[in-house]
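Visitor: File query_3.cif follows (mmCIF, C-alpha atoms):
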data_start
#
loop_
_atom_site.label_atom_id
_atom_site.label_comp_id
_atom_site.auth_asym_id
_atom_site.auth_seq_id
_atom_site.Cartn_x
_atom_site.Cartn_y
_atom_site.Cartn_z
CA MET N 1 0.00 0.00 0.00
CA VAL N 2 2.76 2.45 1.05
CA ALA N 3 4.87 1.49 -1.98
CA GLN N 4 1.89 2.05 -4.31
CA ALA N 5 1.17 5.42 -2.75
CA LYS N 6 4.84 6.48 -3.14
CA LYS N 7 4.82 5.28 -6.73
CA ARG N 8 1.65 7.27 -7.45
CA GLU N 9 3.11 10.34 -5.70
CA LEU N 10 6.29 10.10 -7.79
CA LYS N 11 4.25 9.75 -10.98
CA ASP N 12 2.17 12.83 -10.09
CA ALA N 13 5.32 14.82 -9.30
CA GLN N 14 6.85 13.85 -12.66
CA LYS N 15 3.63 14.86 -14.41
CA ARG N 16 3.62 18.25 -12.64
CA LYS N 17 7.27 18.77 -13.54
CA LYS N 18 6.56 17.98 -17.18
CA GLN N 19 3.58 20.41 -17.23
CA LEU N 20 5.74 23.14 -15.68
CA GLU N 21 8.51 22.54 -18.25
CA ASP N 22 5.97 22.65 -21.10
CA ARG N 23 4.49 25.89 -19.75
CA CYS N 24 7.95 27.47 -19.46
CA LYS N 25 8.80 26.42 -23.02
CA LEU N 26 5.51 27.86 -24.27
CA GLU N 27 6.04 31.16 -22.44
CA GLU N 28 9.59 31.34 -23.80
CA SER N 29 8.45 30.70 -27.39
CA ILE N 30 5.66 33.32 -27.04
CA GLY N 31 8.22 35.82 -25.71
CA THR N 32 10.59 35.12 -28.60
CA ALA N 33 7.76 35.39 -31.14
CA ALA N 34 6.56 38.68 -29.61
CA GLN N 35 10.09 40.07 -29.93
CA THR N 36 10.20 39.04 -33.60
CA TRP N 37 6.83 40.67 -34.32
CA ASN N 38 7.70 43.88 -32.41
CA GLN N 39 11.26 44.38 -33.64
CA GLU N 40 11.22 42.92 -37.15
CA ILE N 41 7.73 42.51 -38.60
CA LEU N 42 5.59 45.42 -37.34
CA PRO N 43 8.16 48.16 -38.17
CA ASN N 44 8.36 46.75 -41.73
CA TRP N 45 4.73 45.66 -42.07
CA SER N 46 4.05 46.58 -45.71
CA THR N 47 7.11 44.74 -47.02
CA MET N 48 7.06 41.74 -44.66
CA CYS N 49 3.38 40.90 -44.07
CA THR N 50 3.09 38.69 -47.18
CA SER N 51 6.46 36.94 -46.81
CA ARG N 52 6.56 33.18 -46.34
CA ARG N 53 8.29 33.48 -42.96
CA VAL N 54 5.66 35.85 -41.58
CA ARG N 55 2.81 33.73 -42.95
CA ASP N 56 4.28 30.69 -41.17
CA LEU N 57 4.65 32.62 -37.91
CA TRP N 58 1.07 33.89 -38.34
CA TRP N 59 -0.25 30.32 -38.66
CA GLN N 60 1.40 29.37 -35.35
CA GLY N 61 -0.65 32.05 -33.57
CA ILE N 62 0.06 35.71 -32.91
CA PRO N 63 1.43 36.47 -29.42
CA PRO N 64 -1.30 38.11 -27.30
CA SER N 65 0.83 41.22 -26.66
CA VAL N 66 0.88 42.14 -30.37
CA ARG N 67 -2.34 40.49 -31.52
CA GLY N 68 -4.46 43.66 -31.51
CA LYS N 69 -1.90 45.62 -33.53
CA VAL N 70 -1.60 42.84 -36.13
CA TRP N 71 -5.38 42.45 -36.40
CA SER N 72 -5.79 46.22 -36.93
CA LEU N 73 -3.19 46.28 -39.68
CA ALA N 74 -4.53 43.14 -41.36
CA VAL N 75 -8.19 44.21 -41.25
CA GLY N 76 -7.30 47.72 -42.39
CA ASN N 77 -9.48 50.82 -42.36
CA GLU N 78 -11.04 51.07 -45.81
CA LEU N 79 -13.91 53.01 -44.25
CA ASN N 80 -11.46 55.72 -43.07
CA ILE N 81 -13.06 55.87 -39.63
CA THR N 82 -11.33 58.23 -37.22
CA HIS N 83 -11.37 58.40 -33.42
CA GLU N 84 -13.38 61.62 -33.81
CA LEU N 85 -16.06 59.84 -35.84
CA TYR N 86 -16.29 57.17 -33.15
CA ASN N 87 -16.83 59.89 -30.50
CA ILE N 88 -19.55 61.52 -32.64
CA CYS N 89 -21.38 58.19 -33.08
CA LEU N 90 -21.03 57.44 -29.37
CA ALA N 91 -22.45 60.86 -28.42
CA ARG N 92 -25.40 60.22 -30.72
CA ALA N 93 -25.96 56.80 -29.15
CA LYS N 94 -25.92 58.28 -25.65
CA GLU N 95 -28.44 60.89 -26.75
CA LYS N 96 -30.62 58.13 -28.17
CA TRP N 97 -30.44 56.16 -24.90
CA LYS N 98 -31.65 59.22 -23.00
CA THR N 99 -34.70 59.65 -25.23
CA THR N 100 -35.60 55.96 -25.67
CA PRO N 101 -37.78 54.58 -22.85
CA ALA N 102 -36.45 51.35 -21.40
CA PRO N 103 -38.53 48.32 -22.48
CA THR N 104 -40.20 46.23 -19.83
CA THR N 105 -39.88 42.92 -21.65
CA GLU N 106 -37.54 41.27 -24.14
CA THR N 107 -40.39 40.93 -26.64
CA GLU N 108 -41.10 44.63 -26.41
CA THR N 109 -37.43 45.34 -27.10
CA GLU N 110 -37.37 43.15 -30.19
CA ASP N 111 -40.55 44.79 -31.51
CA ALA N 112 -38.99 48.22 -31.04
CA GLY N 113 -35.83 47.12 -32.82
CA SER N 114 -37.74 45.92 -35.86
CA SER N 115 -39.55 49.25 -36.34
CA ASP N 116 -36.48 51.44 -35.89
CA ARG N 117 -32.94 50.16 -36.38
CA GLU N 118 -31.47 52.67 -33.95
CA SER N 119 -33.90 51.43 -31.29
CA SER N 120 -31.86 48.24 -31.38
CA LEU N 121 -29.71 50.21 -28.92
CA GLU N 122 -32.03 48.69 -26.31
CA LEU N 123 -31.46 45.18 -27.65
CA ILE N 124 -27.77 45.66 -26.90
CA LYS N 125 -28.40 45.93 -23.16
CA LEU N 126 -30.08 42.54 -23.13
CA ASP N 127 -27.38 40.90 -25.23
CA ILE N 128 -24.37 42.19 -23.31
CA SER N 129 -25.35 40.08 -20.29
CA ARG N 130 -25.11 36.96 -22.50
CA THR N 131 -21.64 37.82 -23.85
CA PHE N 132 -18.93 35.57 -22.41
CA PRO N 133 -20.88 35.23 -19.13
CA GLN N 134 -18.19 32.92 -17.70
CA LEU N 135 -15.63 35.78 -17.82
CA CYS N 136 -17.87 38.13 -15.76
CA ILE N 137 -16.20 41.21 -17.28
CA PHE N 138 -18.84 42.35 -19.76
CA GLN N 139 -21.85 42.05 -17.48
CA GLN N 140 -23.36 44.93 -15.46
CA GLY N 141 -20.72 46.16 -13.01
CA GLY N 142 -17.88 44.43 -14.90
CA PRO N 143 -14.82 46.40 -16.11
CA TYR N 144 -15.70 46.14 -19.81
CA HIS N 145 -19.50 46.48 -19.64
CA ASP N 146 -19.59 50.18 -20.53
CA VAL N 147 -16.93 49.79 -23.25
CA LEU N 148 -18.88 47.02 -25.00
CA HIS N 149 -22.10 48.98 -24.61
CA SER N 150 -20.44 52.08 -26.13
CA ILE N 151 -18.95 50.31 -29.16
CA LEU N 152 -22.19 48.51 -30.05
CA GLY N 153 -24.26 51.65 -29.49
CA ALA N 154 -21.90 53.76 -31.61
CA TYR N 155 -22.09 51.17 -34.41
CA THR N 156 -25.89 51.26 -34.55
CA CYS N 157 -25.66 55.01 -35.07
CA TYR N 158 -22.83 54.64 -37.59
CA ARG N 159 -24.81 52.03 -39.56
CA PRO N 160 -28.52 52.50 -38.72
CA ASP N 161 -29.33 50.51 -41.89
CA VAL N 162 -27.74 47.45 -40.23
CA GLY N 163 -28.48 48.22 -36.59
CA TYR N 164 -27.61 45.72 -33.87
CA VAL N 165 -27.86 42.01 -34.64
CA GLN N 166 -27.37 39.21 -32.12
CA GLY N 167 -23.84 37.88 -32.37
CA MET N 168 -22.22 41.28 -32.86
CA SER N 169 -21.53 41.58 -29.12
CA PHE N 170 -19.16 38.58 -29.24
CA ILE N 171 -17.13 40.07 -32.10
CA ALA N 172 -16.91 43.46 -30.35
CA ALA N 173 -15.96 41.78 -27.06
CA VAL N 174 -13.02 39.88 -28.62
CA LEU N 175 -11.76 43.13 -30.15
CA ILE N 176 -12.10 44.97 -26.81
CA LEU N 177 -9.91 42.34 -25.16
CA ASN N 178 -7.15 43.08 -27.68
CA LEU N 179 -7.48 46.76 -28.63
CA ASP N 180 -8.14 50.22 -27.19
CA THR N 181 -11.78 51.31 -27.41
CA ALA N 182 -11.67 53.57 -30.49
CA ASP N 183 -9.37 51.16 -32.37
CA ALA N 184 -11.67 48.28 -31.46
CA PHE N 185 -14.59 50.24 -32.96
CA ILE N 186 -12.62 50.93 -36.17
CA ALA N 187 -11.71 47.24 -36.54
CA PHE N 188 -15.28 46.19 -35.67
CA ALA N 189 -16.91 48.44 -38.31
CA ASN N 190 -14.39 47.40 -40.98
CA LEU N 191 -14.77 43.69 -40.15
CA LEU N 192 -18.55 43.89 -40.40
CA ASN N 193 -18.21 45.70 -43.71
CA LYS N 194 -16.58 42.64 -45.33
CA PRO N 195 -18.90 40.98 -47.90
CA CYS N 196 -19.46 37.76 -45.94
CA GLN N 197 -20.19 39.48 -42.61
CA MET N 198 -22.46 42.05 -44.25
CA ALA N 199 -24.40 39.29 -46.06
CA PHE N 200 -25.05 37.50 -42.76
CA PHE N 201 -25.73 40.53 -40.56
CA ARG N 202 -28.06 42.09 -43.11
CA VAL N 203 -29.68 38.66 -43.53
CA ASP N 204 -29.25 38.67 -47.32
CA HIS N 205 -30.87 35.26 -47.84
CA SER N 206 -29.82 34.79 -51.47
CA LEU N 207 -26.17 35.64 -50.73
CA MET N 208 -26.17 33.47 -47.60
CA LEU N 209 -27.45 30.57 -49.70
CA THR N 210 -24.61 31.21 -52.16
CA TYR N 211 -22.07 31.00 -49.33
CA PHE N 212 -23.65 27.75 -48.09
CA ALA N 213 -23.59 26.30 -51.63
CA ALA N 214 -19.89 27.24 -52.00
CA PHE N 215 -19.14 25.64 -48.64
CA GLU N 216 -20.88 22.43 -49.74
CA VAL N 217 -18.72 22.25 -52.89
CA PHE N 218 -15.59 22.06 -50.71
CA PHE N 219 -17.33 19.89 -48.10
CA GLU N 220 -18.06 17.22 -50.72
CA GLU N 221 -14.55 17.57 -52.15
CA ASN N 222 -12.78 17.14 -48.80
CA LEU N 223 -15.11 14.85 -46.82
CA PRO N 224 -17.27 12.90 -49.31
CA LYS N 225 -18.44 10.24 -46.82
CA LEU N 226 -19.46 12.73 -44.15
CA PHE N 227 -21.05 14.94 -46.81
CA ALA N 228 -23.18 11.99 -47.99
CA HIS N 229 -24.13 11.22 -44.37
CA PHE N 230 -25.24 14.83 -43.82
CA LYS N 231 -27.27 14.74 -47.06
CA LYS N 232 -28.89 11.45 -46.10
CA ASN N 233 -29.95 12.98 -42.76
CA ASN N 234 -30.98 16.33 -44.33
CA LEU N 235 -28.50 18.25 -42.18
CA THR N 236 -28.01 21.53 -44.04
CA PRO N 237 -25.10 23.97 -43.44
CA ASP N 238 -27.32 26.77 -42.09
CA ILE N 239 -28.04 24.67 -38.98
CA TYR N 240 -24.46 24.94 -37.72
CA LEU N 241 -22.68 27.51 -39.92
CA ILE N 242 -24.83 30.55 -39.11
CA ASP N 243 -23.72 30.71 -35.47
CA TRP N 244 -20.08 30.01 -36.38
CA ILE N 245 -19.98 32.75 -39.03
CA PHE N 246 -22.09 35.30 -37.11
CA THR N 247 -19.73 35.28 -34.13
CA LEU N 248 -16.53 34.36 -36.04
CA TYR N 249 -16.32 31.25 -33.81
CA SER N 250 -15.93 33.37 -30.66
CA LYS N 251 -19.08 31.86 -29.12
CA SER N 252 -18.54 28.30 -30.39
CA LEU N 253 -14.86 27.71 -29.60
CA PRO N 254 -12.81 28.26 -26.42
CA LEU N 255 -11.71 31.92 -26.44
CA ASP N 256 -7.97 31.25 -26.85
CA LEU N 257 -8.67 28.92 -29.79
CA ALA N 258 -11.15 31.38 -31.32
CA CYS N 259 -8.39 34.03 -31.21
CA ARG N 260 -6.08 31.72 -33.15
CA VAL N 261 -8.81 31.27 -35.75
CA TRP N 262 -9.17 35.06 -35.88
CA ASP N 263 -5.40 35.38 -36.41
CA VAL N 264 -5.53 33.46 -39.68
CA PHE N 265 -8.95 34.86 -40.64
CA CYS N 266 -7.39 38.35 -40.53
CA ARG N 267 -4.66 37.03 -42.83
CA ASP N 268 -6.72 34.94 -45.29
CA GLY N 269 -10.18 36.53 -45.15
CA GLU N 270 -13.61 34.86 -45.30
CA GLU N 271 -12.29 31.69 -46.95
CA PHE N 272 -10.63 30.74 -43.67
CA LEU N 273 -13.96 30.82 -41.80
CA PHE N 274 -15.26 28.06 -44.08
CA ARG N 275 -11.94 26.22 -44.04
CA THR N 276 -12.14 26.21 -40.23
CA ALA N 277 -15.66 24.74 -40.45
CA LEU N 278 -14.33 21.95 -42.65
CA GLY N 279 -11.44 21.44 -40.22
CA LEU N 280 -13.91 21.00 -37.36
CA LEU N 281 -15.99 18.53 -39.39
CA ARG N 282 -12.81 16.66 -40.32
CA LEU N 283 -11.69 16.54 -36.67
CA TYR N 284 -15.01 15.05 -35.55
CA GLN N 285 -16.02 13.11 -38.66
CA ASP N 286 -15.73 9.68 -36.98
CA VAL N 287 -18.07 10.81 -34.19
CA LEU N 288 -20.51 12.54 -36.57
CA THR N 289 -20.87 9.59 -38.97
CA CYS N 290 -22.31 7.53 -36.11
CA MET N 291 -24.98 10.12 -35.25
CA ASP N 292 -28.49 10.85 -36.48
CA PHE N 293 -29.84 14.30 -37.42
CA ILE N 294 -30.75 15.41 -33.88
CA HIS N 295 -27.46 14.35 -32.31
CA MET N 296 -25.37 15.86 -35.12
CA ALA N 297 -27.25 19.16 -34.87
CA GLN N 298 -26.83 19.20 -31.07
CA PHE N 299 -23.13 18.35 -31.31
CA LEU N 300 -22.33 21.02 -33.92
CA THR N 301 -24.32 23.76 -32.21
CA ARG N 302 -22.62 23.00 -28.90
CA LEU N 303 -19.07 21.86 -29.60
CA PRO N 304 -16.97 20.15 -26.88
CA ASP N 305 -15.53 22.51 -24.24
CA LEU N 306 -12.04 21.11 -24.77
CA ILE N 307 -10.90 21.17 -28.39
CA PRO N 308 -7.18 20.40 -28.94
CA ALA N 309 -5.84 23.48 -30.74
CA GLU N 310 -2.89 21.86 -32.52
CA GLN N 311 -5.04 18.93 -33.61
CA LEU N 312 -7.71 21.26 -35.01
CA PHE N 313 -5.14 23.30 -36.93
CA GLN N 314 -3.63 20.10 -38.36
CA HIS N 315 -7.09 19.21 -39.68
CA ILE N 316 -7.62 22.73 -41.02
CA ALA N 317 -4.23 22.52 -42.77
CA ALA N 318 -5.30 19.23 -44.40
CA VAL N 319 -8.37 20.88 -45.97
CA HIS N 320 -7.87 21.71 -49.65
CA MET N 321 -9.64 24.84 -50.78
CA THR N 322 -9.57 24.03 -54.49
CA SER N 323 -12.31 22.32 -56.49
CA ARG N 324 -11.72 21.41 -60.15
CA ASN N 325 -8.77 23.82 -60.19
CA ARG N 326 -10.98 26.62 -58.89
CA LYS N 327 -10.28 28.46 -55.64
CA TRP N 328 -12.87 29.61 -53.08
CA ALA N 329 -13.36 33.06 -54.63
CA GLN N 330 -13.86 31.57 -58.12
CA VAL N 331 -16.39 29.00 -56.91
CA LEU N 332 -18.29 31.68 -54.97
CA GLN N 333 -18.30 34.03 -57.96
CA ALA N 334 -19.60 31.29 -60.29
CA LEU N 335 -22.37 30.44 -57.83
CA GLN N 336 -23.31 34.12 -57.51
CA LYS N 337 -23.73 34.27 -61.28
CA ASP N 338 -25.90 31.14 -61.13
CA GLN N 339 -27.95 32.82 -58.40
CA GLU N 340 -28.48 35.88 -60.60
CA ARG N 341 -29.66 33.58 -63.41
CA GLY N 342 -32.01 31.81 -60.97
CA SER N 343 -30.18 28.48 -60.88
CA PRO N 344 -32.23 25.73 -59.16
CA VAL N 345 -29.06 24.55 -57.34
CA LEU N 346 -29.34 27.43 -54.88
CA LYS N 347 -33.05 27.28 -54.31
CA ARG N 348 -34.32 25.60 -51.16
#
Taking this structure as input, can you express it in the form of C-alpha cells?
Guide:
Amino acid sequence: MVAQAKKRELKDAQKRKKQLEDRCKLEESIGTAAQTWNQEILPNWSTMCTSRRVRDLWWQGIPPSVRGKVWSLAVGNELNITHELYNICLARAKEKWKTTPAPTTETETEDAGSSDRESSLELIKLDISRTFPQLCIFQQGGPYHDVLHSILGAYTCYRPDVGYVQGMSFIAAVLILNLDTADAFIAFANLLNKPCQMAFFRVDHSLMLTYFAAFEVFFEENLPKLFAHFKKNNLTPDIYLIDWIFTLYSKSLPLDLACRVWDVFCRDGEEFLFRTALGLLRLYQDVLTCMDFIHMAQFLTRLPDLIPAEQLFQHIAAVHMTSRNRKWAQVLQALQKDQERGSPVLKR
C-alpha cells in the first residue's frame, strides 16, 4: 500500500514537472515570437506581411501582446473611420439612450428594434449580459460592460441601416480584449463591412445561400463520406454555420482557440472561416458519422468545451480549398452568377 502510494506520488510529481517545463517552453516561445513581431515585422509591415516566414509565424498564432496591432493592420481601415467619428457616433448613441424609454420585456425590445434600427440600442443591453458570461467582465458592473455597450451603441448610429444584430456583441468583445476602445470600434466596423459578414448581418438570404452552396462544394470535395451522411440525414449547413460565421467562432470555440482562428482569418479573409468549419468537421467526422440528425445538430451547435488546438489546426491545414482547379473566390463568384440567373441549385 505504502509502496503504491509512493509510486503514485512520484508519478504525479513527474507529471507536474513535465507540465511546468511545457508551460515554461511555451512562455519562452511566445516571448521570442513577440520580440520578432515587435522588432522585425511590425516596423516593416508593408514589405514583410506577405512573406513566407511571416505567414508561417502567423499560422502558429500571434502572441497576445501584439495580436491587436496585427489584427488592426490586417483588417485595415477602408472606411477611413477616425477616433473623432467614433466619438460623434457614441455621443449620438448616448443621446438616443436618453430619449428611448427602457422596455419592460424582451419581446417589447425586439418589436422596437424591428420598427427602428437605432432602437436596437435597447437590444444591446439585453445581449451584453449573454456575452462571455463565464468571464464576468462584460456584465453589469464588470470592467468592460460600458466599453462594450459604447462600441455597439456607436455602431448602430454609424450604420442604422444594419443596426444591432445578435452575435455582434461577441465580435466586439473579442476586439475589446485586444485593442483600445476607439481602435476596437474601427476594426469592428471594418470587419462587419466585409462581404461575408455584411451578407449575414443584413440577412441577405440569397447571398447566404450562395455562401452555403460554395461551402458544400468544398465539403463534398474534402469529406465525401461525411457529406453523404449529412445529405442522407438532411442536415443543411445553415443549422451549424450561421452561429459560427455570425460570431466568427468566438461563441462556439474556447476563447484562446477562437483568437487563433481570428489570427488566420485576418490574414486569409472569409475563406478561412469556411476552411475552419471543414477542419472541425474533419476533426469530428468519426463521431458525426455515427450520429443521427438530432445528435449531429446538437453536437455542432454546442461543440466540446475542450478542443485540442494543434489537432484542429492540423485538420484545417489538411483541408484543400480548391475544387476542379478553382479556388474559393472563383467557386463563390460562379455560384453568384448562377444565383443571378435563378439556378435551381441554390433554391431551397
Visitor: Nearest to Thr50 in chain N: which of N:Leu273, N:Tyr86, N:Arg267, N:Asp305 is it, counting all atoms listed in the file?
Guide: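 Of N:Leu273, N:Tyr86, N:Arg267, N:Asp305, the one nearest Thr50 in chain N, counting all atoms listed in the file, is N:Arg267.
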Visitor: Is it possible to get the residues within 8 Å of (-9.9, 40.1, -42.2) (coordinates as in the file, counting all atoms listed in the file) written as an MDAnalysis selection string?
Guide: chainID N and resid 71 74:75 191 194 265:270
Visitor: With only C-alpha atoms as the basis for distance, which of N:Met48, N:Lys7, N:Gln140, N:Ile186 is at the shortest distance from Cys89 in chain N?
Guide: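 Using only C-alpha atoms, the shortest distance to Cys89 in chain N belongs to N:Ile186.
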Visitor: The PyMOL selection byres ((chain N and resi 94) around 12) on the file shown: which residues, as an MDAnalysis selection string?
Guide: chainID N and resid 87:93 95:100 118:119 121:122 146 149:157
Visitor: Please provide as number ranges by chain all residues within 10 Å of range 31-33 of chain N, with the sequence filter that same-chain residues fewer than 5 positions apart are discarded (counting only C-alpha atoms).
Guide: N: 25-26, 38-39, 57-58, 60-66
Visitor: Using only C-alpha atoms, which protein or nucleic acid residues come within 12 Å of Ala187 in chain N? Drop anything in the same chain fewer than 3 positions from it, and give the result as a PyMOL selection string.
Guide: chain N and resi 68-83+86+151+155+171-176+178-184+190-194+266
Visitor: Pull out every residue that the PyMOL selection byres ((chain N and resi 218) around 12) matches in the shown coordinates and put them as a ChimeraX atom specification.
Guide: /N:211-217,219-224,227,271,274-279,281,319-329,331-332
Visitor: For a test of reading the model, state the distance in Å between CA of Met198 in chain N and CA of Asp256 in chain N, rounded to one decimal.
Guide: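 Result for CA of Met198 in chain N versus CA of Asp256 in chain N: 25.1 Å, one decimal.
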Visitor: Restricting the calculation to all atoms listed in the file: of N:Leu255, N:Arg159, N:Trp59, N:Met168, which residue gets closest to Ile316 in chain N?
Guide: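 Under the stated criterion, the closest residue is N:Trp59.
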Visitor: Quick check, in Å to one decimal: how far apart do CA of Val261 in chain N and CA of Trp244 in chain N lie?
Guide: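 Answer for the CA of Val261 in chain N to CA of Trp244 in chain N separation: 11.4 Å.
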Visitor: Could N, CA, C and O atoms be built for range 251-270 of chain N and written out as an mmCIF file, in the coordinates of the input?
Guide:
data_model
loop_
_atom_site.group_PDB
_atom_site.id
_atom_site.type_symbol
_atom_site.label_atom_id
_atom_site.label_comp_id
_atom_site.auth_asym_id
_atom_site.auth_seq_id
_atom_site.Cartn_x
_atom_site.Cartn_y
_atom_site.Cartn_z
ATOM 1 N N LYS N 251 -18.108 32.441 -30.049
ATOM 2 C CA LYS N 251 -19.080 31.860 -29.120
ATOM 3 C C LYS N 251 -18.979 30.328 -29.113
ATOM 4 O O LYS N 251 -19.291 29.683 -28.116
ATOM 5 N N SER N 252 -18.521 29.760 -30.219
ATOM 6 C CA SER N 252 -18.540 28.300 -30.390
ATOM 7 C C SER N 252 -17.272 27.607 -29.911
ATOM 8 O O SER N 252 -17.310 26.448 -29.510
ATOM 9 N N LEU N 253 -16.140 28.312 -29.975
ATOM 10 C CA LEU N 253 -14.860 27.710 -29.600
ATOM 11 C C LEU N 253 -14.349 28.328 -28.298
ATOM 12 O O LEU N 253 -14.718 29.455 -27.966
ATOM 13 N N PRO N 254 -13.457 27.630 -27.575
ATOM 14 C CA PRO N 254 -12.810 28.260 -26.420
ATOM 15 C C PRO N 254 -12.138 29.556 -26.871
ATOM 16 O O PRO N 254 -11.614 29.622 -27.991
ATOM 17 N N LEU N 255 -12.151 30.583 -26.039
ATOM 18 C CA LEU N 255 -11.710 31.920 -26.440
ATOM 19 C C LEU N 255 -10.289 31.943 -27.004
ATOM 20 O O LEU N 255 -10.024 32.593 -28.015
ATOM 21 N N ASP N 256 -9.353 31.234 -26.357
ATOM 22 C CA ASP N 256 -7.970 31.250 -26.850
ATOM 23 C C ASP N 256 -7.864 30.615 -28.239
ATOM 24 O O ASP N 256 -7.110 31.078 -29.103
ATOM 25 N N LEU N 257 -8.662 29.581 -28.479
ATOM 26 C CA LEU N 257 -8.670 28.920 -29.790
ATOM 27 C C LEU N 257 -9.371 29.802 -30.828
ATOM 28 O O LEU N 257 -8.919 29.908 -31.974
ATOM 29 N N ALA N 258 -10.442 30.456 -30.418
ATOM 30 C CA ALA N 258 -11.150 31.380 -31.320
ATOM 31 C C ALA N 258 -10.202 32.496 -31.772
ATOM 32 O O ALA N 258 -10.208 32.887 -32.950
ATOM 33 N N CYS N 259 -9.354 32.972 -30.858
ATOM 34 C CA CYS N 259 -8.390 34.030 -31.210
ATOM 35 C C CYS N 259 -7.373 33.541 -32.235
ATOM 36 O O CYS N 259 -6.966 34.291 -33.125
ATOM 37 N N ARG N 260 -7.002 32.282 -32.140
ATOM 38 C CA ARG N 260 -6.080 31.720 -33.150
ATOM 39 C C ARG N 260 -6.759 31.619 -34.509
ATOM 40 O O ARG N 260 -6.141 31.836 -35.536
ATOM 41 N N VAL N 261 -8.048 31.297 -34.500
ATOM 42 C CA VAL N 261 -8.810 31.270 -35.750
ATOM 43 C C VAL N 261 -8.881 32.685 -36.329
ATOM 44 O O VAL N 261 -8.684 32.898 -37.525
ATOM 45 N N TRP N 262 -9.126 33.660 -35.458
ATOM 46 C CA TRP N 262 -9.170 35.060 -35.880
ATOM 47 C C TRP N 262 -7.830 35.500 -36.485
ATOM 48 O O TRP N 262 -7.805 36.248 -37.459
ATOM 49 N N ASP N 263 -6.729 35.026 -35.886
ATOM 50 C CA ASP N 263 -5.400 35.380 -36.410
ATOM 51 C C ASP N 263 -5.322 35.094 -37.908
ATOM 52 O O ASP N 263 -4.958 35.955 -38.702
ATOM 53 N N VAL N 264 -5.672 33.864 -38.274
ATOM 54 C CA VAL N 264 -5.530 33.460 -39.680
ATOM 55 C C VAL N 264 -6.669 34.023 -40.528
ATOM 56 O O VAL N 264 -6.490 34.303 -41.709
ATOM 57 N N PHE N 265 -7.848 34.214 -39.920
ATOM 58 C CA PHE N 265 -8.950 34.860 -40.640
ATOM 59 C C PHE N 265 -8.546 36.272 -41.068
ATOM 60 O O PHE N 265 -8.826 36.699 -42.191
ATOM 61 N N CYS N 266 -7.857 36.995 -40.184
ATOM 62 C CA CYS N 266 -7.390 38.350 -40.530
ATOM 63 C C CYS N 266 -6.362 38.297 -41.667
ATOM 64 O O CYS N 266 -6.254 39.235 -42.441
ATOM 65 N N ARG N 267 -5.649 37.194 -41.768
ATOM 66 C CA ARG N 267 -4.660 37.030 -42.830
ATOM 67 C C ARG N 267 -5.288 36.588 -44.146
ATOM 68 O O ARG N 267 -4.995 37.115 -45.218
ATOM 69 N N ASP N 268 -6.197 35.590 -44.073
ATOM 70 C CA ASP N 268 -6.720 34.940 -45.290
ATOM 71 C C ASP N 268 -8.120 35.368 -45.695
ATOM 72 O O ASP N 268 -8.591 35.010 -46.773
ATOM 73 N N GLY N 269 -8.833 36.074 -44.810
ATOM 74 C CA GLY N 269 -10.180 36.530 -45.150
ATOM 75 C C GLY N 269 -11.238 35.451 -44.959
ATOM 76 O O GLY N 269 -11.002 34.421 -44.331
ATOM 77 N N GLU N 270 -12.422 35.696 -45.530
ATOM 78 C CA GLU N 270 -13.610 34.860 -45.300
ATOM 79 C C GLU N 270 -13.398 33.382 -45.612
ATOM 80 O O GLU N 270 -13.984 32.521 -44.968
#
